[in-house]
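start.cif (mmCIF, C-alpha atoms) appears below.
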data_final
loop_
_atom_site.label_atom_id
_atom_site.label_comp_id
_atom_site.auth_asym_id
_atom_site.auth_seq_id
_atom_site.Cartn_x
_atom_site.Cartn_y
_atom_site.Cartn_z
CA MET A 409 -100.03 66.74 -120.73
CA ALA A 410 -96.76 64.86 -121.25
CA SER A 411 -96.63 63.78 -117.62
CA ASN A 412 -100.08 62.22 -117.97
CA ARG A 413 -98.82 60.27 -120.98
CA ILE A 414 -95.74 59.13 -119.08
CA ASN A 415 -97.92 58.05 -116.15
CA ARG A 416 -100.06 55.94 -118.47
CA ILE A 417 -96.95 54.42 -120.04
CA ASN A 418 -95.54 53.69 -116.56
CA ASP A 419 -98.77 51.90 -115.62
CA GLU A 420 -98.73 49.87 -118.84
CA ILE A 421 -95.08 48.90 -118.37
CA GLN A 422 -95.76 47.88 -114.77
CA ARG A 423 -98.76 45.76 -115.77
CA GLU A 424 -96.95 44.10 -118.69
CA LEU A 425 -93.79 43.36 -116.69
CA ALA A 426 -95.84 41.85 -113.87
CA ALA A 427 -97.46 39.53 -116.42
CA GLN A 428 -94.08 38.65 -117.97
CA LEU A 429 -92.57 37.72 -114.58
CA ARG A 430 -94.76 34.61 -114.57
CA ASN A 431 -93.18 33.47 -117.87
CA LEU A 432 -89.57 33.71 -116.67
CA LYS A 433 -87.82 30.39 -116.21
CA ASP A 434 -84.98 31.79 -114.09
CA PRO A 435 -85.19 30.14 -110.63
CA ARG A 436 -83.85 33.32 -109.01
CA VAL A 437 -87.06 35.13 -109.96
CA SER A 438 -89.42 32.55 -108.49
CA GLY A 439 -91.65 33.12 -105.49
CA MET A 440 -93.49 36.25 -104.51
CA VAL A 441 -91.99 39.08 -106.59
CA SER A 442 -93.90 42.32 -107.21
CA ILE A 443 -93.35 45.30 -109.46
CA THR A 444 -94.22 48.17 -107.14
CA ARG A 445 -93.54 51.18 -109.36
CA VAL A 446 -92.09 52.21 -112.72
CA ASP A 447 -90.49 55.59 -113.49
CA THR A 448 -89.80 56.25 -117.16
CA THR A 449 -87.76 59.16 -118.48
CA ASN A 450 -89.56 61.68 -120.69
CA ASP A 451 -87.70 60.48 -123.79
CA LEU A 452 -88.69 56.84 -123.06
CA ARG A 453 -85.06 55.70 -123.17
CA TYR A 454 -84.85 54.39 -119.59
CA ALA A 455 -87.28 52.96 -117.09
CA ARG A 456 -86.51 52.38 -113.43
CA VAL A 457 -88.47 49.35 -112.29
CA TYR A 458 -88.90 49.07 -108.52
CA VAL A 459 -89.17 45.47 -107.35
CA SER A 460 -90.17 44.00 -104.02
CA ALA A 461 -89.62 40.38 -102.98
CA LEU A 462 -91.45 38.71 -100.12
CA ASP A 463 -88.25 37.01 -98.98
CA LYS A 464 -85.86 39.92 -98.36
CA ALA A 465 -82.90 37.54 -98.06
CA ARG A 466 -83.34 36.61 -101.73
CA GLU A 467 -83.88 40.14 -103.04
CA LYS A 468 -80.33 40.49 -104.42
CA ASP A 469 -80.70 37.19 -106.30
CA VAL A 470 -84.07 38.32 -107.67
CA LEU A 471 -82.50 41.57 -108.93
CA LYS A 472 -79.63 39.65 -110.55
CA GLY A 473 -82.12 37.33 -112.25
CA LEU A 474 -84.17 40.27 -113.53
CA LYS A 475 -81.05 42.03 -114.80
CA SER A 476 -80.10 38.85 -116.62
CA ALA A 477 -83.57 38.63 -118.18
CA SER A 478 -83.83 42.35 -118.97
CA GLY A 479 -83.16 41.83 -122.70
CA PHE A 480 -85.96 39.28 -122.97
CA LEU A 481 -88.32 41.44 -120.89
CA ARG A 482 -87.52 44.53 -122.96
CA ARG A 483 -88.15 42.67 -126.22
CA GLU A 484 -91.48 41.31 -124.95
CA LEU A 485 -92.41 44.76 -123.66
CA GLY A 486 -91.70 46.24 -127.09
CA HIS A 487 -93.97 43.70 -128.77
CA ALA A 488 -96.78 44.25 -126.26
CA LEU A 489 -96.77 48.06 -126.05
CA GLN A 490 -95.64 48.94 -129.58
CA LEU A 491 -93.79 52.08 -128.54
CA ARG A 492 -91.39 53.89 -130.84
CA TYR A 493 -88.66 53.35 -128.25
CA THR A 494 -88.72 50.53 -125.74
CA PRO A 495 -86.99 51.79 -122.61
CA GLU A 496 -83.91 50.14 -121.19
CA LEU A 497 -84.97 48.50 -117.92
CA GLN A 498 -83.12 49.19 -114.69
CA PHE A 499 -84.27 47.02 -111.78
CA ILE A 500 -84.06 48.50 -108.28
CA GLY A 501 -85.00 46.93 -104.95
CA ASP A 502 -87.91 48.66 -103.25
CA GLY A 503 -88.01 48.75 -99.47
CA SER A 504 -91.23 50.75 -99.18
CA ILE A 505 -93.37 47.73 -98.25
CA GLU A 506 -90.90 46.71 -95.56
CA HIS A 507 -90.77 50.31 -94.30
CA GLY A 508 -94.57 50.47 -94.14
CA ALA A 509 -94.70 47.18 -92.21
CA HIS A 510 -92.17 48.59 -89.72
CA ILE A 511 -94.30 51.71 -89.17
CA LEU A 512 -97.40 49.56 -88.64
CA GLU A 513 -95.53 47.51 -86.04
CA LEU A 514 -94.49 50.66 -84.20
CA LEU A 515 -98.09 51.89 -84.19
CA ARG A 516 -99.31 48.53 -82.83
CA GLN A 517 -96.75 48.71 -80.03
CA GLU A 518 -97.96 52.18 -79.06
CA GLU A 519 -101.58 50.99 -79.06
CA GLU A 520 -100.62 48.10 -76.75
CA LYS A 521 -98.87 50.51 -74.38
CA ASP A 522 -101.97 52.75 -74.32
CA ALA A 523 -104.22 49.76 -73.62
CA ALA A 524 -101.94 48.61 -70.78
CA ARG A 525 -102.16 52.03 -69.11
CA GLY A 526 -105.90 51.72 -68.83
CA PRO A 527 -108.63 54.25 -69.60
CA ARG A 528 -107.78 57.91 -69.47
CA PRO A 529 -109.54 60.04 -66.85
CA GLU A 530 -112.10 62.41 -68.28
CA VAL A 531 -111.30 66.08 -68.02
CA GLU A 532 -114.14 68.46 -67.18
CA GLU A 533 -114.25 71.77 -68.97
#
Whole structure given in structure tokens:
Amino acid sequence: MASNRINRINDEIQRELAAQLRNLKDPRVSGMVSITRVDTTNDLRYARVYVSALDKAREKDVLKGLKSASGFLRRELGHALQLRYTPELQFIGDGSIEHGAHILELLRQEEEKDAARGPRPEVEE
């Protein structure tokens, strides 16, 4: 039961933080930045926020900007969600989207190799 509650809280935190990113005035957090996942501890003291940036070269700057704005984001999160404890936010770069894109590229390459070999001969049983 508690894990279901934590999952709902994680979803709410993710949704609220994604909305708050648009209000940040820090130029380091501009561009295509996504909150991919949130993991909150059971006591609601800490929340790991996984962030993905479209421009991987700027990801470290984005994380620094988010760390700098974490007090503001935490305060706004507390007002929006009205939890007893507003978790301390820890921002972490998420490479899962990049990893998935790499796997898709490998699969495309294999499909191209198969297509270049031509049709397979049919085997009679």
Mind listing whatever residues come within 12 Å of the point (-89.3, 49.6, -96.5)? Use only C-alpha atoms, file coordinates, and give them as a ChimeraX atom specification. /A:444,459-462,464,501-512
Listing only residues of range 471-502 of chain A within 9 Å of range 427-438 of chain A, what is the closest atom pair and its distance in Å (to one decimal) for each, using all atoms listed in the file, sorted by chain and residue number ascending, as CSV?
residue,atom,partner,partner_atom,distance
A:Leu471,CA,A:Val437,CA,8.0
A:Lys472,CA,A:Arg436,CA,7.8
A:Gly473,CA,A:Arg436,CA,5.4
A:Leu474,CA,A:Val437,CA,6.9
A:Ser476,CA,A:Asp434,CA,8.9
A:Ala477,CA,A:Leu432,CA,7.9
A:Leu481,CA,A:Gln428,CA,7.0
A:Glu484,CA,A:Gln428,CA,7.9
A:Leu485,CA,A:Gln428,CA,8.5
Output of the above residues as an mmCIF file, in the coordinates of the input, restricted to C-alpha atoms:
data_model
loop_
_atom_site.group_PDB
_atom_site.id
_atom_site.type_symbol
_atom_site.label_atom_id
_atom_site.label_comp_id
_atom_site.auth_asym_id
_atom_site.auth_seq_id
_atom_site.Cartn_x
_atom_site.Cartn_y
_atom_site.Cartn_z
ATOM 1 C CA LEU A 471 -82.500 41.570 -108.930
ATOM 2 C CA LYS A 472 -79.630 39.650 -110.550
ATOM 3 C CA GLY A 473 -82.120 37.330 -112.250
ATOM 4 C CA LEU A 474 -84.170 40.270 -113.530
ATOM 5 C CA SER A 476 -80.100 38.850 -116.620
ATOM 6 C CA ALA A 477 -83.570 38.630 -118.180
ATOM 7 C CA LEU A 481 -88.320 41.440 -120.890
ATOM 8 C CA GLU A 484 -91.480 41.310 -124.950
ATOM 9 C CA LEU A 485 -92.410 44.760 -123.660
#
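The spacing separating CA of Arg445 in chain A from CA of Ala465 in chain A amounts to 20.7 Å.
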Selection near Leu491 in chain A, 10 Å with only C-alpha atoms, sequence-local residues under 4 positions removed, as a count of residues only: 6
Would you please work out which residue, of A:Thr448, A:Leu489, A:Gln517, A:Asp522, is nearest to Asn412 in chain A when using only C-alpha atoms?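 Of all the options, A:Thr448 lies closest to Asn412 in chain A.
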For CA of Ala455 in chain A and CA of Arg416 in chain A, quote the distance in Å rounded to one decimal. 13.2 Å
Tell me, in Å to one decimal, how far CA of Arg492 in chain A is from CA of Val441 in chain A.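 Spanning CA of Arg492 in chain A to CA of Val441 in chain A is a straight-line distance of 28.4 Å.
Proximity to Asp451 in chain A was assessed for A:Glu467, A:Glu519, A:Glu496, A:Glu532 counting only C-alpha atoms; the smallest distance is recorded for A:Glu496.
Shortest atom-to-atom contact with Ala426 in chain A among A:Glu530, A:Ser442, A:Phe499, A:Arg413: A:Ser442, counting all atoms listed in the file.
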Report, as JSON, the centre and edge lengths in Å (one decimal) of the axis-aligned box enclosing every listed atom of range 493-511 of chain A, padded by 6 Å on each side.
{"center_x": -88.9, "center_y": 50.0, "center_z": -108.7, "size_x": 23.6, "size_y": 18.6, "size_z": 51.1}
Could you name the residues that touch Asp447 in chain A at 7 Å or less, counting only C-alpha atoms, but leaving out those on the same chain fewer than 6 positions away, as a PyMOL selection string? chain A and resi 418+455-457
Restricting the calculation to only C-alpha atoms: of A:Val470, A:Leu425, A:Ile414, A:Leu497, which residue gets closest to Asn450 in chain A? A:Ile414
Shortest interatomic distance to Asp463 in chain A - which of A:Ala524, A:Ile421, A:Ala488, A:Met440, counting all atoms listed in the file: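 Residue with the minimum atom-to-atom distance to Asp463 in chain A: A:Met440.
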Choose the residue, out of A:Val446, A:Gly479, A:Leu515, A:Tyr454, that has the smallest atom-to-atom separation from Asp419 in chain A; count only C-alpha atoms.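 The shortest atom-to-atom distance to Asp419 in chain A comes from A:Val446.
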